[in-house]
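target26.cif follows; it contains mmCIF, C-alpha atoms, pLDDT in the B column; chains and numbers go by the auth columns.
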data_upload
#
loop_
_atom_site.group_PDB
_atom_site.id
_atom_site.type_symbol
_atom_site.label_atom_id
_atom_site.label_comp_id
_atom_site.label_asym_id
_atom_site.label_seq_id
_atom_site.Cartn_x
_atom_site.Cartn_y
_atom_site.Cartn_z
_atom_site.B_iso_or_equiv
_atom_site.auth_seq_id
_atom_site.auth_asym_id
ATOM 1 C CA MET A 1 10.687 20.655 -53.754 94.00 20 A
ATOM 2 C CA LYS A 2 11.669 23.103 -51.006 97.00 21 A
ATOM 3 C CA ILE A 3 12.645 21.708 -47.622 98.00 22 A
ATOM 4 C CA GLY A 4 12.626 24.091 -44.664 98.00 23 A
ATOM 5 C CA ILE A 5 14.714 23.278 -41.605 97.00 24 A
ATOM 6 C CA VAL A 6 13.471 24.950 -38.436 97.00 25 A
ATOM 7 C CA GLY A 7 16.504 25.090 -36.164 94.00 26 A
ATOM 8 C CA GLY A 8 18.826 24.714 -39.130 91.00 27 A
ATOM 9 C CA THR A 9 21.856 26.107 -37.296 90.00 28 A
ATOM 10 C CA GLY A 10 22.161 23.346 -34.681 88.00 29 A
ATOM 11 C CA LYS A 11 24.392 20.320 -35.088 85.00 30 A
ATOM 12 C CA ILE A 12 21.663 18.127 -36.581 91.00 31 A
ATOM 13 C CA GLY A 13 20.018 20.902 -38.589 93.00 32 A
ATOM 14 C CA GLU A 14 23.297 22.041 -40.108 92.00 33 A
ATOM 15 C CA GLY A 15 24.253 18.495 -41.041 93.00 34 A
ATOM 16 C CA MET A 16 20.860 17.903 -42.624 95.00 35 A
ATOM 17 C CA ALA A 17 21.233 21.131 -44.597 95.00 36 A
ATOM 18 C CA MET A 18 24.633 19.989 -45.895 94.00 37 A
ATOM 19 C CA ARG A 19 23.233 16.664 -47.080 96.00 38 A
ATOM 20 C CA LEU A 20 19.820 17.749 -48.337 97.00 39 A
ATOM 21 C CA SER A 21 21.051 20.833 -50.212 96.00 40 A
ATOM 22 C CA GLN A 22 22.870 18.524 -52.628 95.00 41 A
ATOM 23 C CA ILE A 23 19.462 17.235 -53.767 96.00 42 A
ATOM 24 C CA TYR A 24 16.783 19.806 -52.874 97.00 43 A
ATOM 25 C CA ASP A 25 16.317 23.531 -52.379 97.00 44 A
ATOM 26 C CA VAL A 26 16.847 23.979 -48.645 97.00 45 A
ATOM 27 C CA LEU A 27 15.735 26.859 -46.438 97.00 46 A
ATOM 28 C CA VAL A 28 17.882 27.137 -43.304 96.00 47 A
ATOM 29 C CA GLY A 29 15.766 28.667 -40.563 95.00 48 A
ATOM 30 C CA SER A 30 16.885 30.237 -37.309 93.00 49 A
ATOM 31 C CA ARG A 31 15.731 32.676 -34.657 89.00 50 A
ATOM 32 C CA GLU A 32 18.985 34.547 -35.313 89.00 51 A
ATOM 33 C CA GLU A 33 19.600 35.817 -38.835 83.00 52 A
ATOM 34 C CA GLU A 34 23.375 35.862 -38.545 87.00 53 A
ATOM 35 C CA LYS A 35 23.505 32.218 -37.415 89.00 54 A
ATOM 36 C CA ALA A 36 21.454 31.124 -40.418 90.00 55 A
ATOM 37 C CA LYS A 37 23.667 33.144 -42.736 92.00 56 A
ATOM 38 C CA SER A 38 26.857 31.682 -41.210 92.00 57 A
ATOM 39 C CA THR A 39 25.500 28.129 -41.518 92.00 58 A
ATOM 40 C CA CYS A 40 24.691 28.648 -45.191 94.00 59 A
ATOM 41 C CA GLU A 41 28.150 30.085 -45.860 94.00 60 A
ATOM 42 C CA PHE A 42 29.801 27.157 -44.087 92.00 61 A
ATOM 43 C CA CYS A 43 27.715 24.625 -46.015 93.00 62 A
ATOM 44 C CA ARG A 44 28.430 26.323 -49.346 94.00 63 A
ATOM 45 C CA ASN A 45 32.162 26.449 -48.658 94.00 64 A
ATOM 46 C CA SER A 46 32.213 22.764 -47.683 92.00 65 A
ATOM 47 C CA ALA A 47 30.302 21.839 -50.845 93.00 66 A
ATOM 48 C CA THR A 48 32.512 23.981 -53.085 94.00 67 A
ATOM 49 C CA GLU A 49 35.677 22.384 -51.680 95.00 68 A
ATOM 50 C CA ARG A 50 34.277 18.976 -52.615 95.00 69 A
ATOM 51 C CA GLY A 51 32.764 19.919 -55.961 95.00 70 A
ATOM 52 C CA LEU A 52 29.250 19.229 -54.697 94.00 71 A
ATOM 53 C CA PRO A 53 26.020 21.072 -55.527 95.00 72 A
ATOM 54 C CA CYS A 54 24.510 23.207 -52.792 95.00 73 A
ATOM 55 C CA ASN A 55 21.133 24.947 -52.956 95.00 74 A
ATOM 56 C CA LEU A 56 20.675 26.905 -49.732 94.00 75 A
ATOM 57 C CA LYS A 57 18.893 30.029 -48.550 94.00 76 A
ATOM 58 C CA TRP A 58 18.975 31.472 -45.038 94.00 77 A
ATOM 59 C CA VAL A 59 15.650 32.607 -43.575 96.00 78 A
ATOM 60 C CA SER A 60 13.831 33.008 -40.284 95.00 79 A
ATOM 61 C CA ASN A 61 12.179 29.951 -38.753 95.00 80 A
ATOM 62 C CA GLN A 62 8.809 31.433 -39.692 96.00 81 A
ATOM 63 C CA ASP A 63 9.827 31.905 -43.334 96.00 82 A
ATOM 64 C CA ALA A 64 11.195 28.351 -43.430 96.00 83 A
ATOM 65 C CA VAL A 65 7.692 27.159 -42.523 97.00 84 A
ATOM 66 C CA ARG A 66 5.897 29.584 -44.818 97.00 85 A
ATOM 67 C CA GLU A 67 8.002 28.944 -47.944 97.00 86 A
ATOM 68 C CA ALA A 68 8.733 25.219 -47.688 98.00 87 A
ATOM 69 C CA ASP A 69 6.810 22.219 -48.994 97.00 88 A
ATOM 70 C CA VAL A 70 8.321 19.940 -46.331 98.00 89 A
ATOM 71 C CA ILE A 71 9.343 21.170 -42.867 98.00 90 A
ATOM 72 C CA ILE A 72 11.913 19.481 -40.616 98.00 91 A
ATOM 73 C CA LEU A 73 11.838 20.480 -36.950 98.00 92 A
ATOM 74 C CA ALA A 74 15.515 20.048 -36.010 96.00 93 A
ATOM 75 C CA ILE A 75 15.122 21.415 -32.491 95.00 94 A
ATOM 76 C CA PRO A 76 15.619 20.047 -28.968 95.00 95 A
ATOM 77 C CA TYR A 77 12.465 18.867 -27.250 97.00 96 A
ATOM 78 C CA LYS A 78 12.833 21.501 -24.527 96.00 97 A
ATOM 79 C CA HIS A 79 12.425 24.251 -27.157 95.00 98 A
ATOM 80 C CA LEU A 80 9.509 22.651 -29.001 97.00 99 A
ATOM 81 C CA ASP A 81 6.621 24.545 -27.417 97.00 100 A
ATOM 82 C CA SER A 82 8.341 27.941 -27.481 95.00 101 A
ATOM 83 C CA THR A 83 9.422 27.475 -31.109 95.00 102 A
ATOM 84 C CA ILE A 84 6.000 26.450 -32.393 95.00 103 A
ATOM 85 C CA ALA A 85 4.129 29.097 -30.373 93.00 104 A
ATOM 86 C CA GLY A 86 2.975 31.908 -32.629 86.00 105 A
ATOM 87 C CA MET A 87 4.219 30.279 -35.836 95.00 106 A
ATOM 88 C CA GLU A 88 1.828 29.854 -38.740 96.00 107 A
ATOM 89 C CA GLY A 89 1.790 28.211 -42.149 97.00 108 A
ATOM 90 C CA PHE A 90 1.844 24.524 -41.180 98.00 109 A
ATOM 91 C CA GLU A 91 -1.561 23.863 -42.740 98.00 110 A
ATOM 92 C CA GLY A 92 -1.385 21.064 -45.300 97.00 111 A
ATOM 93 C CA LYS A 93 2.412 20.834 -45.031 98.00 112 A
ATOM 94 C CA VAL A 94 4.424 17.676 -44.455 98.00 113 A
ATOM 95 C CA VAL A 95 6.157 18.093 -41.098 98.00 114 A
ATOM 96 C CA ILE A 96 9.021 15.803 -40.064 98.00 115 A
ATOM 97 C CA SER A 97 9.893 15.363 -36.390 98.00 116 A
ATOM 98 C CA PRO A 98 13.306 13.896 -35.506 98.00 117 A
ATOM 99 C CA ILE A 99 12.794 15.125 -31.932 98.00 118 A
ATOM 100 C CA ASN A 100 13.684 12.857 -29.006 97.00 119 A
ATOM 101 C CA PRO A 101 12.804 13.775 -25.395 98.00 120 A
ATOM 102 C CA MET A 102 15.759 12.510 -23.368 96.00 121 A
ATOM 103 C CA GLU A 103 17.821 13.268 -20.292 95.00 122 A
ATOM 104 C CA LYS A 104 21.417 12.283 -19.665 92.00 123 A
ATOM 105 C CA GLN A 105 22.351 11.224 -16.156 90.00 124 A
ATOM 106 C CA ASP A 106 24.804 8.332 -15.744 92.00 125 A
ATOM 107 C CA PHE A 107 23.103 7.082 -18.897 94.00 126 A
ATOM 108 C CA PHE A 108 20.396 8.284 -21.280 96.00 127 A
ATOM 109 C CA ILE A 109 16.742 8.120 -20.236 97.00 128 A
ATOM 110 C CA PHE A 110 13.715 8.482 -22.489 97.00 129 A
ATOM 111 C CA THR A 111 11.552 11.174 -20.894 97.00 130 A
ATOM 112 C CA PRO A 112 8.353 11.476 -22.924 98.00 131 A
ATOM 113 C CA PRO A 113 5.614 14.005 -22.182 98.00 132 A
ATOM 114 C CA ALA A 114 2.146 12.980 -20.997 98.00 133 A
ATOM 115 C CA GLU A 115 1.049 12.244 -24.576 98.00 134 A
ATOM 116 C CA GLY A 116 3.685 9.479 -24.819 98.00 135 A
ATOM 117 C CA SER A 117 6.149 11.000 -27.292 98.00 136 A
ATOM 118 C CA ALA A 118 7.436 14.308 -28.629 98.00 137 A
ATOM 119 C CA ALA A 119 5.546 13.670 -31.870 98.00 138 A
ATOM 120 C CA LEU A 120 2.228 12.994 -30.157 98.00 139 A
ATOM 121 C CA HIS A 121 2.686 16.198 -28.162 98.00 140 A
ATOM 122 C CA LEU A 122 3.646 18.081 -31.333 98.00 141 A
ATOM 123 C CA LYS A 123 0.425 16.887 -32.945 98.00 142 A
ATOM 124 C CA THR A 124 -1.537 18.856 -30.343 98.00 143 A
ATOM 125 C CA LEU A 125 0.383 22.032 -31.259 98.00 144 A
ATOM 126 C CA LEU A 126 -0.039 21.806 -35.038 98.00 145 A
ATOM 127 C CA PRO A 127 -3.168 22.483 -37.099 98.00 146 A
ATOM 128 C CA ALA A 128 -5.219 19.375 -37.843 97.00 147 A
ATOM 129 C CA SER A 129 -4.306 19.507 -41.541 98.00 148 A
ATOM 130 C CA ALA A 130 -0.543 19.293 -40.910 98.00 149 A
ATOM 131 C CA ARG A 131 0.818 15.973 -42.167 98.00 150 A
ATOM 132 C CA LEU A 132 3.118 14.888 -39.354 98.00 151 A
ATOM 133 C CA CYS A 133 5.701 12.111 -39.717 98.00 152 A
ATOM 134 C CA VAL A 134 8.464 10.877 -37.429 98.00 153 A
ATOM 135 C CA ALA A 135 11.837 10.204 -39.100 98.00 154 A
ATOM 136 C CA PHE A 136 15.623 10.606 -38.709 98.00 155 A
ATOM 137 C CA ASN A 137 15.448 10.126 -34.924 97.00 156 A
ATOM 138 C CA ASN A 138 18.272 7.640 -34.502 95.00 157 A
ATOM 139 C CA ILE A 139 21.103 9.308 -36.467 94.00 158 A
ATOM 140 C CA ALA A 140 23.759 11.223 -34.524 88.00 159 A
ATOM 141 C CA GLY A 141 24.241 14.890 -35.388 85.00 160 A
ATOM 142 C CA SER A 142 27.980 14.402 -35.918 86.00 161 A
ATOM 143 C CA ARG A 143 27.274 11.790 -38.597 91.00 162 A
ATOM 144 C CA TRP A 144 25.089 14.217 -40.550 93.00 163 A
ATOM 145 C CA ARG A 145 27.877 16.804 -40.654 89.00 164 A
ATOM 146 C CA ASP A 146 30.590 14.387 -41.792 91.00 165 A
ATOM 147 C CA ILE A 147 29.700 14.651 -45.482 91.00 166 A
ATOM 148 C CA ASP A 148 32.827 12.767 -46.555 93.00 167 A
ATOM 149 C CA GLU A 149 31.334 9.607 -45.048 93.00 168 A
ATOM 150 C CA GLU A 150 28.276 7.655 -46.187 95.00 169 A
ATOM 151 C CA LEU A 151 25.295 7.247 -43.881 96.00 170 A
ATOM 152 C CA GLU A 152 24.569 3.522 -43.779 95.00 171 A
ATOM 153 C CA TYR A 153 21.567 3.452 -41.473 97.00 172 A
ATOM 154 C CA SER A 154 17.971 2.314 -41.484 98.00 173 A
ATOM 155 C CA VAL A 155 15.383 5.023 -40.834 98.00 174 A
ATOM 156 C CA ALA A 156 12.034 4.113 -39.282 98.00 175 A
ATOM 157 C CA VAL A 157 9.179 6.368 -40.429 98.00 176 A
ATOM 158 C CA CYS A 158 5.771 6.563 -38.799 98.00 177 A
ATOM 159 C CA GLY A 159 2.741 8.754 -39.399 98.00 178 A
ATOM 160 C CA ASP A 160 -0.995 8.665 -39.987 98.00 179 A
ATOM 161 C CA ASP A 161 -0.934 10.152 -43.514 98.00 180 A
ATOM 162 C CA GLN A 162 0.244 7.411 -45.885 98.00 181 A
ATOM 163 C CA ALA A 163 0.961 9.770 -48.796 98.00 182 A
ATOM 164 C CA ALA A 164 3.080 11.959 -46.513 98.00 183 A
ATOM 165 C CA LYS A 165 4.976 8.889 -45.305 98.00 184 A
ATOM 166 C CA VAL A 166 5.715 7.865 -48.883 98.00 185 A
ATOM 167 C CA MET A 167 7.047 11.378 -49.602 98.00 186 A
ATOM 168 C CA VAL A 168 9.262 11.331 -46.513 98.00 187 A
ATOM 169 C CA MET A 169 10.558 7.850 -47.318 98.00 188 A
ATOM 170 C CA ASP A 170 11.469 8.986 -50.833 98.00 189 A
ATOM 171 C CA ILE A 171 13.466 11.894 -49.380 98.00 190 A
ATOM 172 C CA ILE A 172 15.290 9.511 -47.031 98.00 191 A
ATOM 173 C CA ASP A 173 16.157 7.036 -49.771 98.00 192 A
ATOM 174 C CA ARG A 174 17.863 9.803 -51.776 98.00 193 A
ATOM 175 C CA ILE A 175 20.282 10.674 -48.960 97.00 194 A
ATOM 176 C CA SER A 176 23.604 8.825 -48.996 96.00 195 A
ATOM 177 C CA LEU A 177 22.983 5.124 -48.242 97.00 196 A
ATOM 178 C CA LEU A 178 20.019 5.616 -45.910 98.00 197 A
ATOM 179 C CA LYS A 179 17.164 3.152 -46.239 98.00 198 A
ATOM 180 C CA SER A 180 13.654 4.016 -45.064 98.00 199 A
ATOM 181 C CA TYR A 181 11.140 1.621 -43.524 98.00 200 A
ATOM 182 C CA ASP A 182 7.436 2.151 -42.900 98.00 201 A
ATOM 183 C CA ALA A 183 7.019 1.735 -39.134 98.00 202 A
ATOM 184 C CA GLY A 184 3.261 2.233 -38.981 98.00 203 A
ATOM 185 C CA PRO A 185 1.023 4.974 -37.532 98.00 204 A
ATOM 186 C CA LEU A 186 2.055 7.876 -35.319 98.00 205 A
ATOM 187 C CA THR A 187 1.270 5.779 -32.243 98.00 206 A
ATOM 188 C CA MET A 188 4.604 4.023 -32.935 98.00 207 A
ATOM 189 C CA SER A 189 6.504 7.256 -32.269 98.00 208 A
ATOM 190 C CA PRO A 190 7.301 6.417 -28.600 98.00 209 A
ATOM 191 C CA VAL A 191 9.140 3.305 -29.767 98.00 210 A
ATOM 192 C CA ILE A 192 11.151 5.159 -32.417 98.00 211 A
ATOM 193 C CA GLU A 193 12.034 8.045 -30.117 98.00 212 A
ATOM 194 C CA GLY A 194 12.876 5.698 -27.258 97.00 213 A
ATOM 195 C CA MET A 195 15.307 3.772 -29.460 97.00 214 A
ATOM 196 C CA THR A 196 17.518 6.852 -29.526 97.00 215 A
ATOM 197 C CA ALA A 197 18.129 6.534 -25.792 96.00 216 A
ATOM 198 C CA LEU A 198 18.932 2.852 -26.367 97.00 217 A
ATOM 199 C CA VAL A 199 21.370 3.630 -29.194 96.00 218 A
ATOM 200 C CA ASN A 200 23.072 6.355 -27.155 95.00 219 A
ATOM 201 C CA ASN A 201 23.431 4.064 -24.136 96.00 220 A
ATOM 202 C CA ILE A 202 24.991 1.318 -26.233 96.00 221 A
ATOM 203 C CA GLY A 203 27.507 3.808 -27.560 94.00 222 A
ATOM 204 C CA LEU A 204 28.191 5.311 -24.129 94.00 223 A
ATOM 205 C CA LEU A 205 28.492 2.083 -22.140 94.00 224 A
ATOM 206 C CA ASN A 206 30.435 0.132 -24.742 96.00 225 A
ATOM 207 C CA GLN A 207 32.814 2.894 -25.873 93.00 226 A
ATOM 208 C CA MET A 208 31.410 2.875 -29.381 93.00 227 A
ATOM 209 C CA LYS A 209 31.062 5.851 -31.715 88.00 228 A
ATOM 210 C CA ASN A 210 28.280 6.606 -34.180 86.00 229 A
ATOM 211 C CA VAL A 211 26.069 3.712 -33.125 92.00 230 A
ATOM 212 C CA GLY A 212 23.030 3.436 -35.392 92.00 231 A
ATOM 213 C CA ILE A 213 20.299 1.081 -36.476 95.00 232 A
ATOM 214 C CA ARG A 214 20.163 -1.222 -39.500 95.00 233 A
ATOM 215 C CA PHE A 215 17.359 -3.633 -40.317 95.00 234 A
ATOM 216 C CA VAL A 216 18.556 -6.663 -42.270 90.00 235 A
#
Write-out of the structure in structure tokens:
Amino acid sequence: MKIGIVGGTGKIGEGMAMRLSQIYDVLVGSREEEKAKSTCEFCRNSATERGLPCNLKWVSNQDAVREADVIILAIPYKHLDSTIAGMEGFEGKVVISPINPMEKQDFFIFTPPAEGSAALHLKTLLPASARLCVAFNNIAGSRWRDIDEELEYSVAVCGDDQAAKVMVMDIIDRISLLKSYDAGPLTMSPVIEGMTALVNNIGLLNQMKNVGIRFV
């Protein structure tokens, strides 16, 4: 299976590439070729130092979509429309959105678009055959990149395509100590995305680092 990461050079995208490339063939996408190349070199060096496998290839964002079986959109909400505009190749693909529309003032605020969530807005931008799922929303970017530490979090997954959800949950359950949970249809995406603001506020207001979610 090939996993393409659109925005693979950001903090979250790079961390995902480091983790996922130990298990899958990963395509690190970027608008800037040199950034994608540098990310791949950094990930390979980190893996080599630790004796870990690493299957990475740097590509453009468009090639990450075109060549991958599963696409992760590791981009800020503010860049969603401009990134998707003009891109093609999403038809029939599993697309994972970890995108959270938020603003930070004295604390974090969930700021969804008119559709109710980033995912529901994204659905209007993708072809009807794209198999959209929400996942990975509540894990801090710094935790992804710290590959010497296990990720002991629960990951809520929602989407309208049950087979796509099962595929995404299988990917999640292969990463570190993550545990996936079926959270229902895509209409649950506002709840999942909004929980990120909650998690960030708990960390901010209680001087806690790497706050996450676990269902027990």
Within 7 Å of range 206-230 of chain A, which residues of range 83-130 of chain A show up? Give each one with its shortest atom-to-atom distance in Å (one decimal) and the two atoms involved, counting all atoms listed in the file, rows by chain then rising residue number, as a Markdown table.
| residue | atom | partner | partner_atom | distance |
| --- | --- | --- | --- | --- |
| A:Asn119 | CA | A:Glu212 | CA | 5.2 |
| A:Met121 | CA | A:Ala216 | CA | 6.9 |
| A:Phe126 | CA | A:Asn220 | CA | 6.1 |
| A:Phe127 | CA | A:Ala216 | CA | 5.3 |
| A:Ile128 | CA | A:Ala216 | CA | 5.9 |
| A:Phe129 | CA | A:Gly213 | CA | 5.6 |
Write the residues of the selection above to a file with C-alpha atoms, as a CSV table (one decimal), in the frame of the given file.
chain,number,residue,atom,x,y,z
A,119,ASN,CA,13.7,12.9,-29.0
A,121,MET,CA,15.8,12.5,-23.4
A,126,PHE,CA,23.1,7.1,-18.9
A,127,PHE,CA,20.4,8.3,-21.3
A,128,ILE,CA,16.7,8.1,-20.2
A,129,PHE,CA,13.7,8.5,-22.5
Spell out the residues picked by the PyMOL selection byres ((chain A and resi 86) around 9) here, as a PyMOL selection string. chain A and resi 21-23+46+81-85+87-88+108
Six-sided padding of 6 Å per side, axis-aligned box over range 202-213 of chain A, centre and edges in Å, one decimal, as JSON:
{"center_x": 6.9, "center_y": 4.9, "center_z": -33.2, "size_x": 23.9, "size_y": 18.3, "size_z": 23.9}
Could you spell out the hits of the PyMOL selection byres ((chain A and resi 148-151) around 12) on the shown file, as an MDAnalysis selection string? chainID A and resid 84 88:92 107:117 137:147 152:154 176:187 204:206 208
When you look at Pro95 in chain A with a cut-off of 9 Å (counting all atoms listed in the file), what residues show up, excluding the ones that are within fewer than 5 positions of it in the same chain? I need them as a list in words. Gly26, Ile118, Asn119 and Pro120 of chain A
Using the chain letters and residue numbers of this document, give as an mmCIF file with C-alpha atoms, in the frame of the given file the residues selected by the PyMOL selection byres ((chain A and resi 36) around 8).
data_model
loop_
_atom_site.group_PDB
_atom_site.id
_atom_site.type_symbol
_atom_site.label_atom_id
_atom_site.label_comp_id
_atom_site.auth_asym_id
_atom_site.auth_seq_id
_atom_site.Cartn_x
_atom_site.Cartn_y
_atom_site.Cartn_z
ATOM 1 C CA ILE A 24 14.714 23.278 -41.605
ATOM 2 C CA GLY A 27 18.826 24.714 -39.130
ATOM 3 C CA GLY A 32 20.018 20.902 -38.589
ATOM 4 C CA GLU A 33 23.297 22.041 -40.108
ATOM 5 C CA GLY A 34 24.253 18.495 -41.041
ATOM 6 C CA MET A 35 20.860 17.903 -42.624
ATOM 7 C CA MET A 37 24.633 19.989 -45.895
ATOM 8 C CA ARG A 38 23.233 16.664 -47.080
ATOM 9 C CA LEU A 39 19.820 17.749 -48.337
ATOM 10 C CA SER A 40 21.051 20.833 -50.212
ATOM 11 C CA VAL A 45 16.847 23.979 -48.645
ATOM 12 C CA VAL A 47 17.882 27.137 -43.304
ATOM 13 C CA CYS A 62 27.715 24.625 -46.015
ATOM 14 C CA LEU A 75 20.675 26.905 -49.732
#
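Compared by their closest atoms to Ile232 in chain A, and using only C-alpha atoms, the residues A:Ile166, A:Asp201, A:Asn157, A:Met106 rank with A:Asn157 nearest.
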